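**Student:** Pasting coords16.txt here (compact mmCIF, C-alpha atoms and all ligand atoms):
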```txt
# COMPACT_ATOMS: atom_id res chain seq x y z
CA MET A 19 11.08 -15.29 -29.80
CA LEU A 20 7.93 -14.37 -27.99
CA SER A 21 9.56 -11.71 -25.85
CA VAL A 22 10.45 -9.52 -28.83
CA PRO A 23 6.95 -8.46 -30.00
CA PHE A 24 5.91 -7.77 -26.41
CA GLY A 25 9.00 -5.62 -25.88
CA VAL A 26 8.18 -3.63 -29.01
CA LEU A 27 4.59 -3.15 -27.85
CA GLU A 28 5.81 -1.78 -24.54
CA VAL A 29 8.15 0.65 -26.26
CA GLN A 30 5.31 1.93 -28.44
CA MET A 31 3.13 2.50 -25.40
CA ALA A 32 5.96 4.22 -23.54
CA THR A 33 6.42 6.54 -26.52
CA ARG A 34 2.76 7.39 -26.47
CA MET A 35 3.02 8.34 -22.79
CA ASN A 36 5.96 10.59 -23.63
CA ASP A 37 3.98 12.24 -26.40
CA ILE A 38 1.26 13.08 -23.93
CA GLU A 39 3.87 14.44 -21.53
CA ASP A 40 5.30 16.67 -24.25
CA GLU A 41 1.98 18.47 -24.61
CA GLY A 42 2.76 20.28 -21.41
CA ARG A 43 2.91 19.24 -17.82
CA GLY A 44 -0.12 21.20 -16.60
CA ARG A 45 -2.35 19.83 -19.29
CA ARG A 46 -1.12 16.30 -18.76
CA GLN A 47 -1.72 16.42 -15.04
CA MET A 48 -5.22 17.74 -15.62
CA GLN A 49 -5.88 14.91 -18.06
CA VAL A 50 -4.50 12.22 -15.72
CA GLY A 51 -6.34 13.76 -12.77
CA ARG A 52 -9.59 13.68 -14.73
CA VAL A 53 -9.02 10.09 -15.85
CA LEU A 54 -8.26 8.92 -12.31
CA GLY A 55 -11.24 10.87 -10.98
CA LEU A 56 -13.54 9.02 -13.38
CA PHE A 57 -11.87 5.71 -12.65
CA TYR A 58 -12.10 6.01 -8.87
CA ALA A 59 -15.73 7.13 -9.11
CA GLY A 60 -16.41 3.82 -10.88
CA GLY A 61 -17.01 5.42 -14.27
CA ALA A 62 -15.60 4.67 -17.70
CA VAL A 63 -12.02 5.64 -18.50
CA PRO A 64 -11.69 7.66 -21.71
CA CYS A 65 -9.75 6.45 -24.76
CA PRO A 66 -5.96 6.75 -24.19
CA VAL A 67 -5.45 8.44 -27.57
CA GLY A 68 -8.52 10.65 -27.31
CA CYS A 69 -10.84 9.20 -29.97
CA GLY A 70 -13.81 9.93 -27.74
CA GLY A 71 -14.56 6.29 -26.97
CA ALA A 72 -14.52 4.63 -23.58
CA SER A 73 -11.81 2.20 -22.63
CA GLU A 74 -11.73 -0.84 -20.44
CA VAL A 75 -9.04 -1.67 -17.90
CA VAL A 76 -7.33 -4.80 -19.25
CA ARG A 77 -4.57 -5.10 -16.67
CA VAL A 78 -3.70 -3.56 -13.31
CA GLY A 79 -0.03 -3.34 -12.45
CA ALA A 80 1.46 -2.97 -8.96
CA LEU A 81 4.88 -1.33 -9.20
CA ALA A 82 7.85 -1.84 -6.87
CA THR A 83 7.56 1.82 -5.86
CA GLY A 84 4.08 1.23 -4.40
CA ALA A 85 2.41 3.04 -7.29
CA GLY A 86 -0.11 1.38 -9.56
CA GLU A 87 -0.67 1.40 -13.29
CA LEU A 88 -3.75 0.88 -15.39
CA TRP A 89 -3.45 -0.65 -18.82
CA VAL A 90 -6.51 0.22 -20.82
CA GLU A 91 -7.91 -0.65 -24.23
CA CYS A 92 -10.36 1.56 -26.07
CA GLY A 93 -13.64 -0.13 -27.00
CA SER A 94 -14.00 2.06 -30.11
CA CYS A 95 -10.54 2.30 -31.72
CA ALA A 96 -8.83 -0.61 -29.85
CA GLN A 97 -5.78 1.53 -29.03
CA ARG A 98 -4.04 0.63 -25.81
CA GLY A 99 -2.38 2.87 -23.30
CA ARG A 100 -1.21 3.10 -19.73
CA PHE A 101 -2.17 5.47 -16.95
CA ALA A 102 0.12 5.88 -13.97
CA VAL A 103 -1.57 5.79 -10.55
CA PRO A 104 0.17 7.82 -7.80
CA VAL A 105 1.49 6.12 -4.65
CA ALA A 106 -0.54 6.12 -1.44
CA THR A 107 -0.36 9.33 0.59
CA GLU A 108 0.42 9.38 4.30
CA PRO A 109 -3.25 9.99 5.33
CA GLU A 110 -4.34 7.10 3.08
CA ARG A 111 -1.78 4.76 4.66
CA ARG A 112 -2.87 5.84 8.13
CA ALA A 113 -6.55 5.22 7.28
CA VAL A 114 -5.65 1.70 6.12
CA GLU A 115 -3.54 1.01 9.22
CA SER A 116 -6.28 2.14 11.59
CA ALA A 117 -8.91 0.03 9.78
CA LEU A 118 -6.51 -2.93 10.12
CA ARG A 119 -6.19 -2.31 13.86
CA ASP A 120 -9.98 -2.31 14.13
CA GLY A 121 -9.95 -5.74 12.53
CA LYS A 122 -12.10 -4.69 9.58
CA ASP A 123 -11.86 -5.86 6.02
CA VAL A 124 -9.74 -3.10 4.60
CA SER A 125 -10.74 -1.52 1.33
CA CYS A 126 -8.82 0.91 -0.85
CA PRO A 127 -9.71 4.42 0.39
CA ARG A 128 -9.79 5.88 -3.13
CA HIS A 129 -12.72 4.13 -4.78
CA ALA A 130 -16.33 5.26 -4.55
CA TYR A 131 -17.20 1.57 -4.41
CA ARG A 132 -15.68 -1.10 -2.19
CA ALA A 133 -12.37 -2.56 -3.41
CA VAL A 134 -11.00 -4.87 -0.70
CA LEU A 135 -7.21 -4.85 -0.42
CA GLN A 136 -5.38 -8.10 -1.07
CA ARG A 137 -2.33 -9.41 0.73
CA ARG A 138 0.75 -9.74 -1.41
CA GLY A 139 3.60 -11.08 0.64
CA ARG A 140 3.55 -8.81 3.67
CA GLY A 141 2.06 -5.99 1.66
CA LEU A 142 -1.52 -4.92 1.03
CA VAL A 143 -2.36 -4.06 -2.55
CA CYS A 144 -5.54 -2.79 -4.17
CA PRO A 145 -6.60 -5.25 -6.89
CA ASP A 146 -8.38 -2.47 -8.81
CA CYS A 147 -5.77 0.30 -8.94
CA GLY A 148 -2.52 -1.49 -8.00
CA VAL A 149 -1.59 0.91 -5.20
CA ARG A 150 0.25 -0.62 -2.24
CA TYR A 151 -0.72 0.57 1.25
CA ARG A 152 1.67 -1.43 3.33
CA GLU A 153 5.22 -2.64 2.75
ZN ZN A 201 -10.16 5.19 -28.87
ZN ZN A 202 -7.59 1.13 -5.30
```
Using structure tokens, write down the structure from this file.
Ligand SMILES: [Zn+2]
Ligand SMILES: [Zn+2]
**Tutor:**
Amino acid sequence: MLSVPFGVLEVQMATRMNDIEDEGRGRRQMQVGRVLGLFYAGGAVPCPVGCGGASEVVRVGALATGAGELWVECGSCAQRGRFAVPVATEPERRAVESALRDGKDVSCPRHAYRAVLQRRGRGLVCPDCGVRYRE
């Protein structure tokens, strides 16, 4: 059964996230904030297990909650991990709505570079970070 190994892989990654969480909430938030800061600036995301290498985003998830998730793989140690991306804030949603009204191509307000939002059903989702800006 193909679904079994994938399920196991997901559990292992979830455990790793919990391990990071157990190190203390303040420290974890700093770490995630730093990672997202680098990511949104267009820079390299650090290794999810902290080997010092740089990782590559291998998959971008768009969650039902409107939040995104980044699945990354380290180029040095090949470990994989997941970084949660927070949902759009009210000012971000408003910026997207007003750009839509102006008839512009709407890009995700978080990136230093231009990431044009894609329609998914009636929603608008960033292809690079998975955040949804419109229901
Ligand atoms: Zn690594
Ligand atoms: Zn984005």
**Student:** Hey, which of A:Gly99, A:Gly93, A:Arg52, A:Val143 ends up closest to A:Val124? Count all atoms listed in the file.
**Tutor:**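 For A:Val124, the nearest of the candidates is A:Val143.
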**Student:** Write out as a VMD selection string the residues lying within 9 Å of stretch 61-73 of chain A, counting only C-alpha atoms and excluding same-chain residues fewer than 6 positions away.
**Tutor:** chain A and resid 34 38 53 to 55 90 to 101
**Student:** Residues within 10 Å of stretch 135-138 of chain A, please, as number ranges by chain. Count only C-alpha atoms; anything in the same chain fewer than 5 positions from it doesn't count.
**Tutor:** A: 114, 123-127, 143-146, 148-153
**Student:** Since we have the selection now, will you write its residues out, keeping C-alpha atoms, as a tab-separated table (two decimals), in the coordinates of the input?
**Tutor:**
```tsv
chain	number	residue	atom	x	y	z
A	114	VAL	CA	-5.65	1.70	6.12
A	123	ASP	CA	-11.86	-5.86	6.02
A	124	VAL	CA	-9.74	-3.10	4.60
A	125	SER	CA	-10.74	-1.52	1.33
A	126	CYS	CA	-8.82	0.91	-0.85
A	127	PRO	CA	-9.71	4.42	0.39
A	143	VAL	CA	-2.36	-4.06	-2.55
A	144	CYS	CA	-5.54	-2.79	-4.17
A	145	PRO	CA	-6.60	-5.25	-6.89
A	146	ASP	CA	-8.38	-2.47	-8.81
A	148	GLY	CA	-2.52	-1.49	-8.00
A	149	VAL	CA	-1.59	0.91	-5.20
A	150	ARG	CA	0.25	-0.62	-2.24
A	151	TYR	CA	-0.72	0.57	1.25
A	152	ARG	CA	1.67	-1.43	3.33
A	153	GLU	CA	5.22	-2.64	2.75
```
**Student:** Which residue gives the smallest distance to ligand ZN 201 (chain A) among A:Arg112, A:Glu74, A:Arg132, A:Gly86, with only C-alpha atoms and all ligand atoms counted?
**Tutor:**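 Among A:Arg112, A:Glu74, A:Arg132, A:Gly86, it is A:Glu74 that comes nearest to ligand ZN 201 (chain A).
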**Student:** Point out the residue among A:Leu81, A:Ala59, A:Val76, A:Val105 with the least atom-to-atom distance to A:Ala133, counting all atoms listed in the file.
**Tutor:** A:Ala59
**Student:** Record the distance separating atom CA of A:Val103 and atom CA of A:Ala80, expressed in Å with one decimal.
**Tutor:**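 Computing the Euclidean distance for atom CA of A:Val103 and atom CA of A:Ala80 yields 9.4 Å.
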**Student:** From the list A:Ala106, A:Val75, A:Ala113, A:Val50, which residue is nearest ligand ZN 202 (chain A) when using all atoms listed in the file?
**Tutor:**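 Using all atoms listed in the file, the shortest distance to ligand ZN 202 (chain A) belongs to A:Ala106.
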**Student:** Go ahead and compute the interatomic distance for atom CA of A:Tyr58 and atom CA of A:Ala85, in Å to one decimal.
**Tutor:**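 These atoms are spaced 14.9 Å apart.
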